[in-house]
Amino acid sequence: MISIIIPAHKEKSNLIQLVTYLGDMDNSGFYEIIIAQSPDCCEDIAKIANGTSVRLVKCEKKGRACQMNEGAEHAKGEIVAFLHADVRPPKDFLSNIESALATGFDAGFFSYKFDKDNFWLGINAFFTAKDGLFTGGGDQCLFIRKSVFKKLGGFDAKQVLMEDFEFFKRMKKNKIPYTIIKNDLVVSARKYESNSYLRVNLSNLLLVILFKLGYPSQKLRFLHDKLLRTPYNG
């Protein structure tokens, strides 16, 4: 079974669309959807979780890392896949994951494209199919064997920004075999629309470099919210 874990904070509209979309996929295998809701979220999203394959987890701690960890604790599947609420996976998403793990990998990511047709965004999307500086970002949808996820200790709850990159760093340190599936997810371009292509890319580059230099995550989050008009939602 694959457990699809969606960390959520004030994203009712996105969740309704995503859960409906997932239900229409080619679901040849067993799967479940777990919505890991932030404890300070007042939205009533319980009705979204009224299907047999959808469960709502009201998390005890705030923060995307904590929510994803709590979701994984409730997961019944041997495989966990972490999906953002505003990301749409390809129709053969589940079979892609199963095939990747059947060929010897313990984890992986997906390439992605944006929901807007733009030359510059297309350049960004091109590099998501390559293993490089930005590999491991949350929009790429990490999937991993649950046993390996637990062995690595899950996401670092103290990492309030770039928890995905921090986890990927430990994956590589522990030599976890992973792959990048070249079958695009569709990612929202709203951050680029609210800012600018150059502003977002330069900000992302600065944040990744500072992260790799060991800059504290609280300061990274403060810097992120200063640089961009779209505050970190987590």
# chains A, B, ... in the order shown; residues from 1 in each chain; ligands from 1

call {"tool": "residues_around", "arguments": {"residues": "Lys175 in chain A", "least_positions_apart": "4", "cutoff": "12 Å", "atoms": "only C-alpha atoms", "output": "count of residues only"}}
result
9

call {"tool": "residues_around", "arguments": {"residues": "Leu101 in chain A", "least_positions_apart": "5", "cutoff": "9 Å", "atoms": "only C-alpha atoms", "output": "mmCIF file with C-alpha atoms, in the first residue's frame"}}
result
data_model
loop_
_atom_site.group_PDB
_atom_site.id
_atom_site.type_symbol
_atom_site.label_atom_id
_atom_site.label_comp_id
_atom_site.auth_asym_id
_atom_site.auth_seq_id
_atom_site.Cartn_x
_atom_site.Cartn_y
_atom_site.Cartn_z
ATOM 1 C CA ASN A 96 5.435 4.988 -11.281
ATOM 2 C CA ASP A 106 14.296 2.952 -1.748
ATOM 3 C CA ALA A 107 13.117 6.487 -2.490
ATOM 4 C CA GLY A 108 12.596 8.982 -5.248
ATOM 5 C CA ILE A 144 10.163 6.503 0.284
ATOM 6 C CA ARG A 145 9.828 3.134 1.967
ATOM 7 C CA TYR A 178 16.901 7.121 -5.085
#

call {"tool": "residues_around", "arguments": {"residues": "Ala8 in chain A", "least_positions_apart": "5", "cutoff": "12 Å", "atoms": "only C-alpha atoms", "output": "ChimeraX atom specification"}}
result
/A:13-16,18,34-45,56-59,62-68,71,82-86,233-234

call {"tool": "residues_around", "arguments": {"residues": "range 121-134 of chain A", "least_positions_apart": "3", "cutoff": "9 Å", "atoms": "only C-alpha atoms", "output": "PyMOL selection string"}}
result
chain A and resi 110-114+116-118+137+140+165+179-184+189+192+197+201+204-205+208

call {"tool": "residues_around", "arguments": {"residues": "Ile79 in chain A", "least_positions_apart": "5", "cutoff": "12 Å", "atoms": "only C-alpha atoms", "output": "CSV table (one decimal) with all heavy atoms, in the first residue's frame"}}
result
chain,number,residue,atom,x,y,z
A,1,MET,N,0.8,-1.2,0.0
A,1,MET,CA,0.0,0.0,0.0
A,1,MET,C,0.9,1.2,0.0
A,1,MET,O,1.9,1.3,0.6
A,1,MET,CB,-0.9,0.0,1.2
A,1,MET,CG,-1.8,1.3,1.3
A,1,MET,SD,-2.8,1.4,2.8
A,1,MET,CE,-4.1,0.3,2.4
A,2,ILE,N,0.4,2.3,-0.7
A,2,ILE,CA,1.1,3.6,-0.7
A,2,ILE,C,0.2,4.6,0.1
A,2,ILE,O,-1.0,4.7,-0.1
A,2,ILE,CB,1.3,4.1,-2.1
A,2,ILE,CG1,2.2,3.2,-2.9
A,2,ILE,CG2,1.8,5.5,-2.1
A,2,ILE,CD1,2.3,3.5,-4.4
A,3,SER,N,0.8,5.2,1.1
A,3,SER,CA,0.1,6.2,1.8
A,3,SER,C,0.5,7.6,1.3
A,3,SER,O,1.7,8.0,1.4
A,3,SER,CB,0.5,6.1,3.3
A,3,SER,OG,0.1,4.9,3.9
A,4,ILE,N,-0.4,8.3,0.8
A,4,ILE,CA,-0.2,9.7,0.3
A,4,ILE,C,-0.5,10.7,1.4
A,4,ILE,O,-1.6,10.8,1.9
A,4,ILE,CB,-1.1,10.0,-0.9
A,4,ILE,CG1,-0.9,9.0,-2.1
A,4,ILE,CG2,-0.9,11.4,-1.5
A,4,ILE,CD1,-1.9,9.1,-3.2
A,5,ILE,N,0.5,11.4,1.8
A,5,ILE,CA,0.4,12.3,3.0
A,5,ILE,C,0.4,13.7,2.5
A,5,ILE,O,1.4,14.1,1.9
A,5,ILE,CB,1.5,12.0,4.0
A,5,ILE,CG1,1.5,10.5,4.5
A,5,ILE,CG2,1.5,13.0,5.2
A,5,ILE,CD1,2.7,10.1,5.3
A,29,GLY,N,-3.3,0.0,-7.7
A,29,GLY,CA,-2.8,-0.6,-6.5
A,29,GLY,C,-3.5,0.0,-5.3
A,29,GLY,O,-4.4,0.8,-5.4
A,30,PHE,N,-3.2,-0.6,-4.1
A,30,PHE,CA,-3.9,-0.1,-2.9
A,30,PHE,C,-3.2,1.2,-2.4
A,30,PHE,O,-2.0,1.4,-2.5
A,30,PHE,CB,-3.7,-1.2,-1.8
A,30,PHE,CG,-4.5,-2.4,-2.1
A,30,PHE,CD1,-3.8,-3.6,-2.4
A,30,PHE,CD2,-5.8,-2.5,-2.0
A,30,PHE,CE1,-4.5,-4.8,-2.7
A,30,PHE,CE2,-6.5,-3.6,-2.3
A,30,PHE,CZ,-5.9,-4.8,-2.6
A,31,TYR,N,-4.0,2.1,-2.0
A,31,TYR,CA,-3.5,3.4,-1.5
A,31,TYR,C,-4.5,4.0,-0.5
A,31,TYR,O,-5.6,3.6,-0.4
A,31,TYR,CB,-3.3,4.4,-2.7
A,31,TYR,CG,-4.6,5.0,-3.1
A,31,TYR,CD1,-4.9,6.4,-2.9
A,31,TYR,CD2,-5.6,4.3,-3.9
A,31,TYR,CE1,-6.0,7.0,-3.3
A,31,TYR,CE2,-6.7,4.9,-4.3
A,31,TYR,CZ,-7.0,6.2,-4.0
A,31,TYR,OH,-8.1,6.8,-4.4
A,32,GLU,N,-3.9,5.0,0.3
A,32,GLU,CA,-4.8,5.7,1.2
A,32,GLU,C,-4.3,7.2,1.1
A,32,GLU,O,-3.1,7.5,0.7
A,32,GLU,CB,-4.7,5.2,2.6
A,32,GLU,CG,-3.3,5.3,3.2
A,32,GLU,CD,-3.2,5.0,4.7
A,32,GLU,OE1,-4.3,4.8,5.3
A,32,GLU,OE2,-2.1,4.9,5.2
A,72,ALA,N,2.9,10.3,8.7
A,72,ALA,CA,3.6,9.0,8.5
A,72,ALA,C,3.4,8.0,9.6
A,72,ALA,O,3.3,6.8,9.4
A,72,ALA,CB,5.1,9.3,8.3
A,73,GLU,N,3.3,8.6,10.8
A,73,GLU,CA,3.0,7.7,12.0
A,73,GLU,C,1.6,7.0,11.9
A,73,GLU,O,1.5,5.9,12.3
A,73,GLU,CB,3.0,8.5,13.3
A,73,GLU,CG,4.4,8.9,13.7
A,73,GLU,CD,4.4,9.8,15.0
A,73,GLU,OE1,3.3,10.0,15.6
A,73,GLU,OE2,5.4,10.4,15.3
A,94,LEU,N,0.9,6.4,-9.0
A,94,LEU,CA,1.1,5.3,-8.1
A,94,LEU,C,1.9,4.2,-8.8
A,94,LEU,O,2.8,3.6,-8.1
A,94,LEU,CB,-0.2,4.7,-7.7
A,94,LEU,CG,-1.1,5.7,-6.8
A,94,LEU,CD1,-2.5,5.1,-6.6
A,94,LEU,CD2,-0.4,6.1,-5.5
A,97,ILE,N,5.6,5.0,-8.9
A,97,ILE,CA,6.3,4.7,-7.6
A,97,ILE,C,6.6,3.2,-7.4
A,97,ILE,O,7.7,2.8,-7.0
A,97,ILE,CB,5.4,5.3,-6.4
A,97,ILE,CG1,5.4,6.8,-6.5
A,97,ILE,CG2,6.0,4.8,-5.1
A,97,ILE,CD1,4.4,7.5,-5.5
A,98,GLU,N,5.6,2.4,-7.7
A,98,GLU,CA,5.7,1.0,-7.5
A,98,GLU,C,6.8,0.5,-8.4
A,98,GLU,O,7.7,-0.4,-7.9
A,98,GLU,CB,4.4,0.3,-7.8
A,98,GLU,CG,3.3,0.6,-6.8
A,98,GLU,CD,1.9,0.1,-7.2
A,98,GLU,OE1,1.8,-0.3,-8.4
A,98,GLU,OE2,1.0,0.1,-6.4
A,100,ALA,N,9.4,2.1,-9.6
A,100,ALA,CA,10.7,2.6,-9.1
A,100,ALA,C,11.3,1.8,-8.0
A,100,ALA,O,12.4,1.4,-8.0
A,100,ALA,CB,10.6,4.1,-8.8
A,101,LEU,N,10.4,1.5,-7.0
A,101,LEU,CA,10.9,0.7,-5.9
A,101,LEU,C,11.1,-0.8,-6.2
A,101,LEU,O,11.9,-1.4,-5.6
A,101,LEU,CB,9.8,0.8,-4.7
A,101,LEU,CG,9.6,2.3,-4.2
A,101,LEU,CD1,8.7,2.2,-3.0
A,101,LEU,CD2,10.9,2.9,-3.8
A,102,ALA,N,10.4,-1.3,-7.2
A,102,ALA,CA,10.6,-2.7,-7.6
A,102,ALA,C,11.9,-2.9,-8.3
A,102,ALA,O,12.4,-4.0,-8.4
A,102,ALA,CB,9.4,-3.1,-8.6
A,105,PHE,N,15.3,0.8,-6.0
A,105,PHE,CA,15.4,2.1,-5.3
A,105,PHE,C,14.6,2.1,-4.0
A,105,PHE,O,13.6,1.4,-3.9
A,105,PHE,CB,14.9,3.3,-6.2
A,105,PHE,CG,15.7,3.5,-7.4
A,105,PHE,CD1,15.3,3.0,-8.7
A,105,PHE,CD2,17.0,4.1,-7.4
A,105,PHE,CE1,16.0,3.2,-9.8
A,105,PHE,CE2,17.7,4.2,-8.5
A,105,PHE,CZ,17.3,3.8,-9.7
A,106,ASP,N,15.0,2.9,-3.0
A,106,ASP,CA,14.3,3.0,-1.7
A,106,ASP,C,13.5,4.2,-1.6
A,106,ASP,O,12.7,4.4,-0.7
A,106,ASP,CB,15.3,2.9,-0.6
A,106,ASP,CG,15.8,1.5,-0.3
A,106,ASP,OD1,15.1,0.5,-0.7
A,106,ASP,OD2,16.9,1.3,0.3
A,107,ALA,N,13.8,5.2,-2.5
A,107,ALA,CA,13.1,6.5,-2.5
A,107,ALA,C,13.2,7.1,-3.9
A,107,ALA,O,13.9,6.6,-4.8
A,107,ALA,CB,13.8,7.4,-1.4
A,108,GLY,N,12.5,8.3,-4.0
A,108,GLY,CA,12.6,9.0,-5.2
A,108,GLY,C,11.8,10.3,-5.2
A,108,GLY,O,11.1,10.6,-4.3
A,142,LEU,N,8.5,13.7,-2.5
A,142,LEU,CA,9.3,12.6,-2.0
A,142,LEU,C,8.5,11.4,-1.8
A,142,LEU,O,7.4,11.5,-1.1
A,142,LEU,CB,10.0,13.0,-0.6
A,142,LEU,CG,10.6,11.9,0.2
A,142,LEU,CD1,11.8,11.3,-0.5
A,142,LEU,CD2,10.9,12.3,1.6
A,143,PHE,N,8.9,10.2,-2.3
A,143,PHE,CA,8.3,9.0,-1.9
A,143,PHE,C,9.4,8.1,-1.4
A,143,PHE,O,10.6,8.1,-1.9
A,143,PHE,CB,7.5,8.3,-3.1
A,143,PHE,CG,8.4,8.0,-4.3
A,143,PHE,CD1,9.0,6.8,-4.4
A,143,PHE,CD2,8.5,8.9,-5.3
A,143,PHE,CE1,9.8,6.5,-5.5
A,143,PHE,CE2,9.2,8.6,-6.4
A,143,PHE,CZ,9.9,7.4,-6.5
A,144,ILE,N,9.1,7.3,-0.4
A,144,ILE,CA,10.2,6.5,0.3
A,144,ILE,C,9.5,5.3,1.0
A,144,ILE,O,8.4,5.4,1.5
A,144,ILE,CB,10.9,7.4,1.3
A,144,ILE,CG1,12.2,6.7,1.9
A,144,ILE,CG2,10.0,8.0,2.3
A,144,ILE,CD1,13.1,7.7,2.6
A,145,ARG,N,10.3,4.3,1.1
A,145,ARG,CA,9.8,3.1,2.0
A,145,ARG,C,9.7,3.6,3.4
A,145,ARG,O,10.6,4.3,3.9
A,145,ARG,CB,10.8,2.0,1.9
A,145,ARG,CG,11.0,1.4,0.5
A,145,ARG,CD,11.9,0.2,0.6
A,145,ARG,NE,12.3,-0.2,-0.7
A,145,ARG,CZ,11.6,-1.0,-1.6
A,145,ARG,NH1,10.4,-1.4,-1.2
A,145,ARG,NH2,12.1,-1.3,-2.8
A,146,LYS,N,8.6,3.3,4.0
A,146,LYS,CA,8.3,3.8,5.4
A,146,LYS,C,9.4,3.3,6.4
A,146,LYS,O,9.8,4.1,7.3
A,146,LYS,CB,6.9,3.3,5.9
A,146,LYS,CG,6.5,3.9,7.2
A,146,LYS,CD,5.1,3.4,7.6
A,146,LYS,CE,4.8,3.9,9.0
A,146,LYS,NZ,3.5,3.4,9.5
A,147,SER,N,9.9,2.1,6.2
A,147,SER,CA,10.9,1.6,7.1
A,147,SER,C,12.2,2.4,7.0
A,147,SER,O,12.9,2.7,8.0
A,147,SER,CB,11.2,0.1,6.7
A,147,SER,OG,11.7,0.0,5.4
A,148,VAL,N,12.5,2.9,5.8
A,148,VAL,CA,13.7,3.7,5.6
A,148,VAL,C,13.5,5.1,6.2
A,148,VAL,O,14.4,5.7,6.8
A,148,VAL,CB,14.1,3.8,4.1
A,148,VAL,CG1,15.3,4.8,3.8
A,148,VAL,CG2,14.4,2.4,3.5
A,149,PHE,N,12.3,5.6,6.0
A,149,PHE,CA,11.9,6.9,6.5
A,149,PHE,C,12.1,6.9,8.0
A,149,PHE,O,12.7,7.9,8.6
A,149,PHE,CB,10.5,7.3,6.1
A,149,PHE,CG,10.0,8.6,6.6
A,149,PHE,CD1,10.4,9.8,6.0
A,149,PHE,CD2,9.1,8.7,7.7
A,149,PHE,CE1,10.0,11.0,6.5
A,149,PHE,CE2,8.6,9.9,8.2
A,149,PHE,CZ,9.1,11.1,7.6
A,150,LYS,N,11.6,5.9,8.7
A,150,LYS,CA,11.7,5.8,10.1
A,150,LYS,C,13.1,5.6,10.6
A,150,LYS,O,13.6,6.1,11.6
A,150,LYS,CB,10.8,4.6,10.6
A,150,LYS,CG,9.3,4.9,10.5
A,150,LYS,CD,8.5,3.7,10.9
A,150,LYS,CE,8.6,3.4,12.4
A,150,LYS,NZ,7.7,2.3,12.8

call {"tool": "closest_residue", "arguments": {"among": "A:Pro90, A:Leu228, A:Gly214, A:Ile6", "to": "Glu70 in chain A", "atoms": "only C-alpha atoms"}}
result
A:Ile6

call {"tool": "select_by_dssp", "arguments": {"residues": "range 35-152 of chain A", "states": "helix (DSSP H, G or I)", "output": "count of residues only"}}
result
43

call {"tool": "select_by_dssp", "arguments": {"residues": "range 158-216 of chain A", "states": "strand (DSSP E)", "output": "count of residues only"}}
result
10

call {"tool": "atom_distance", "arguments": {"atom1": "CA of Gly154 in chain A", "atom2": "CA of Lys219 in chain A"}}
result
22.1 Å

call {"tool": "closest_residue", "arguments": {"among": "A:Arg221, A:Asp164, A:Thr230, A:Tyr215", "to": "Ser196 in chain A", "atoms": "only C-alpha atoms"}}
result
A:Thr230

call {"tool": "atom_distance", "arguments": {"atom1": "CA of Leu223 in chain A", "atom2": "CA of Asn195 in chain A"}}
result
15.0 Å

call {"tool": "atom_distance", "arguments": {"atom1": "CA of Lys172 in chain A", "atom2": "CA of Leu185 in chain A"}}
result
23.0 Å

call {"tool": "closest_residue", "arguments": {"among": "A:Lys212, A:Lys61, A:His74, A:Lys226", "to": "Glu166 in chain A", "atoms": "only C-alpha atoms"}}
result
A:Lys212

call {"tool": "residues_around", "arguments": {"residues": "Phe222 in chain A", "least_positions_apart": "5", "cutoff": "10 Å", "atoms": "only C-alpha atoms", "output": "list of chain:residue names"}}
result
A:Leu161, A:Ser217, A:Leu227, A:Pro231, A:Tyr232

call {"tool": "closest_residue", "arguments": {"among": "A:Leu220, A:Gly153, A:Pro89, A:Arg229", "to": "Val187 in chain A", "atoms": "only C-alpha atoms"}}
result
A:Pro89
